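Q: One structure, pasted below without further comment.
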Amino acid sequence: MAILKKRMAILLAVGILTGCSSTDAVPTSTTSIFVETSLVSSGQVVLSDSFIGTITPKETTYIFPMMAGITKQVNIEVGDVVSEGDILFTLDDESQQMSLDQAQATYAQAEAGKAQALLMANLELDNTLASYDQLALARAQSVIQAQNTINNTNASYDQLILAKEQALIQTTNSIDNTNLSYDQLVLAKEQALIQAKNTVEDAEVAYKQLIASRDQSVGSSVDMQLIELEMQMDAIKLNIETTKIQLEQAGGSLDGLADSVSDAKSDYNSAKSDANSASNKANSAYDNYIDAQYKASTANVLAAEYSMIQMTSTTLAGLTIQQAANNGTSNGVPAETANAVQSIYSQMTSAGISGLSSSEVSRLETQASDALSTYTSAQSESVSASANEATTELMYNYLDSSYDSAETEIENAEEIAYATIAGLEANLRNMEEIYNALQSTTTEEILEIYDAQIERAELGIRQATEALDMITDSYDTQIAAVVLGLNQANQALGMTSDSYDSQIASAQLGLNQANQALGMTTDSYDEQMKQLDIAISGTQSNLPLIESVYNAQLSAANVGVASAQYVLDKLVITSPTSGIVDQVNVTEDVPVSNAEVAVVVADYSQMETSFFVSKDVRATFEEGQQVVVEYEGKQYFGEISDIASSVNPQTSLFQIKALIDVDYGDIPSGSVATIYTTTQKSNTEVVIPYSSVYFEKGQSFVYVVKDGIAYKQLVETGLFDAETIVITNGIDIGDKIVTTWSSQLRDGVLVEEGE
């Protein structure tokens with residue numbers, strides 16, 4: 001404090017100094033004095049003061065227990081190093097532990113109740129959903145079956161329509177063929193009768209010619225008779241050749257018709273084979289379509305069921321149905337869920353489905369669509385092939401029937417032709433006999449020959465007449481049979497039409513009933529599924545309500561647990577900071593109050609000193625300013641960390657705090673030490689040695705040396721210390737001043753500079 005008072009006095013003296021410039025002096029003596037000089041330069045003056053302060057740790061934490069109680073265990077001693085969170089001591093917690101156990105039991109009971117309620121609700125929901133899925137599957141299967149029934153009935157209906165058309169075409173063709181046969185028989189009868197009549201007429205002509213020839217032979221010359229006989233024989237020969245040619249032509253026509261019948265039969269057999277193949281292909285395509293449609297619909301239903309299971313079991317998320325089935329109850333999958341997965345997997349494998357992924361289901365749907373297209377195309381080909389079969393069959397039957405008719409007609413014609421040829425040849429032989437007789441026999445012999453020939457001619461007429469009757473009877477019998485067949489065919493046409501109409505009506509009735517059954521089936525299943533939807537919605541809406549009720553109970557129970565745990569935690573006193581234990585005021589098995597300090601923990605990583613200064617000195621300080629602390633002859637360095645903005649009410653001074661780098665134990669907490677720090681500091685100004693300044697009558701001056709003469713120069717001074725002083729006015733940097741004192745030194749004295 002003595003140093004502080006001395007420096008304060010100097011500062012006051014400097015503060016009242018005023019300076020003025022002196023006039024040029026005239027040397028007062030011719031004798032020079034020896035002095036030392038120096039050039040004026042710039043510099044800085046720094047003043048330090050000392051203060052008395054108290055040394056304490058940087059932070060001191062006073063720890064109080066949150067609750068009063070009996071100390072159960074003390075874990076620290078004075079001087080122990082503790083970290084934040086370390087347990088310092090504990091209080092007896094028996095009663096509080098019981099409260100916590102009771103609160104936890106209440107919470108566990110509420111949690112179990114919630115789990116049980118949710119389990120029952122979810123079981124009910126799962127069962128309802130399973131029933132819904134089973135109903136949806138049953139609906140899909142029933143719809144498929146009903147649709148298959150409709151499709152089959154439609155197919156039967158279409159087949160009946162086609163069969164009716166084919167049967168009617170066949171029956172109509174049969175009638176047409178029978179009509180044609182009838183017409184052909186009538187025509188053949190007419191032709192046969194004409195030929196038979198011609199034969200009779202030819203026989204009669206031959207008879208008449210024989211009579212005429214006999215009559216003529218009596219009175220005409222032999223030569224004329226021979227000529228006439230030759231002409232008649234030539235005519236008969238010509239008729240025989242013509243008839244034979246006609247027979248050959250008829251046989252050739254029949255052979256050509258036989259070839260046509262053979263070709264038609266081959267075409268019919270080929271068309272029939274194609275129709276059977278197309279029908280088998282259509283049936284196979286239909287079976288494939290039904291199988292593909294069943295797989296696609298089943299895969300859709302099973303995929304939806306498995307998707308629902310995945311939504312309720314996160315363990316199965318991302319797993320395929322095969323992976324889920326192989327895992328079973330591993331990874332915490334409930335047995336009920338695993339059984340449901342196995343059921344789906346079994347249905348899937350039984351249906352021949354390889355997977356339930358979206359791509360697999362899409363592939364099955366595409367297969368079903370392709371199978372339907374294939375079936376439609378095959379069915380169209382089958383109908384076309386059946387129509388072609390019917391057409392070729394009709395053509396074959398027509399040609400075959402025509403062949404039979406033609407064959408019969410030709411046989412009849414051949415019979416008549418052969419009879420005609422036989423008659424002509426007989427006539428020719430008769431003519432030849434007469435011709436030969438005319439050349440070599442008498443008239444009586446010739447007449448006998450004529451008589452014999454006439455008798456044979458009469459026999460020929462009778463035979464030709466009988467043949468005519470036989471032909472008439474034969475054709476009449478055939479025509480009667482054809483008429484009977486025609487009547488039967490017309491009757492069969494009516495019966496066939498009626499039969500097919502009855503079957504078609506039955507098929508239409510079956511189709512209507514199948515459509516009605518489909519509607520009733522879908523309506524029934526839709527109503528059941530609607531009821532299940534209502535049940536599912538009700539159960540799902542109950543789940544949040546159940547959770548809300550039990551969550552409220554759990555929340556209340558949790559508050560009890562938290563409260564008990566909070567109290568229990570407060571019985572364990574931990575260090576809120578890191579540091580060294582300074583005080584321990586608790587003892588095991590001894591009561592402790594929550595109003596008294598139990599433990600003191602101090603942060604000795606840095607020590608802190610605090611001291612008090614006036615307002616003026618405070619104004620010279622700044623945070624971070626260096627300080628030196630002296631304790632028991634040792635110095636420690638630090639810096640100002642806090643400058644109070646208001647005065648301490650007890651000291652009326654400002655408190656200054658500084659942090660000091662010091663090892664634990666070097667300075668005990670609460671020790672008093674001396675603090676040194678800068679209180680004033682000048683700017684960079686003119687600074688000269690303090691001994692160069694003279695003070696006289698309240699003025700300050702120095703001696704400036706110019707040309708070997710010392711001149712007295714008044715100056716204004718500023719901040720100074722024991723060795724230097726700041727000159728604010730009077731001299732400039734570079735001036736030479738006297739730096740030594742001499743009693744002979746006066747203004748204007750001659751000086752001799754020395755080093």
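Lettering and numbering for the structure tokens are positional, with chains as A, B, ... in the shown order, residues counted from 1 in each chain, and ligands counted from 1 in the shown order.
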Please run DSSP on the backbone and report, as an NGL selection string, all residues within stretch 502-699 of chain A that come out as helix (DSSP H, G or I).

A: :A and (502-570 or 615-620 or 690-692)

Q: List the neighbours of stretch 641-643 of chain A out to 10 Å using only C-alpha atoms; skip same-chain residues closer than 3 positions along the sequence, and give me the result as a VMD selection string.

A: chain A and resid 608 to 610 612 618 to 619 621 to 626 638 646 654 to 660

Q: Counting only C-alpha atoms, what is within 8 Å of A:Ser83, bar same-chain residues fewer than 3 positions away, as a PyMOL selection string?

A: chain A and resi 86+575+577-579

Q: Do you have the atom CA of A:Leu719-atom CA of A:Thr678 distance handy?

A: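 That distance, rounded to one decimal, is 13.1 Å.
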
Q: Using only C-alpha atoms, pick whichever of A:Ile161, A:Val482, A:Val687, A:Ile640 has the shortest atom-to-atom distance to A:Asn177.

A: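 Counting only C-alpha atoms, the residue closest to A:Asn177 is A:Val482.
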
Q: Output as CSV one row per residue of stretch 518-538 of chain A within 12 Å of stretch 145-158 of chain A: the closest atom pair and its distance in Å to one decimal place, counting only C-alpha atoms, sorted by chain and residue number ascending.

A:
residue,atom,partner,partner_atom,distance
A:Leu518,CA,A:Ala146,CA,5.5
A:Gly519,CA,A:Ala146,CA,9.3
A:Met520,CA,A:Ala146,CA,10.4
A:Thr521,CA,A:Ala146,CA,8.3
A:Thr522,CA,A:Ala146,CA,9.7

Q: With a distance cut-off of 12 Å and only C-alpha atoms, select the neighbouring residues of stretch 738-744 of chain A, excluding the residue or stretch itself and same-chain residues fewer than 5 positions from it, and output the selection as JSON, numbers by chain.

A: {"A": [28, 29, 31, 32, 33, 34, 35, 36, 37, 38, 39, 40, 688, 689, 690, 691, 692, 693, 694, 701, 702, 703, 704, 705, 706, 708, 709, 710, 711, 712, 713, 723, 724, 749, 750, 751, 752, 753, 754, 755]}

Q: So how many Å separate atom CA of A:Ala452 and atom CA of A:Asp469, to one decimal?

A: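 Between atom CA of A:Ala452 and atom CA of A:Asp469 the gap works out to 25.8 Å.
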
Q: Using only C-alpha atoms, which residues sit within 9 Å of stretch 376-384 of chain A once same-chain residues fewer than 6 positions away are excluded, as a ChimeraX atom specification?

A: /A:159,162,274-283,285-286
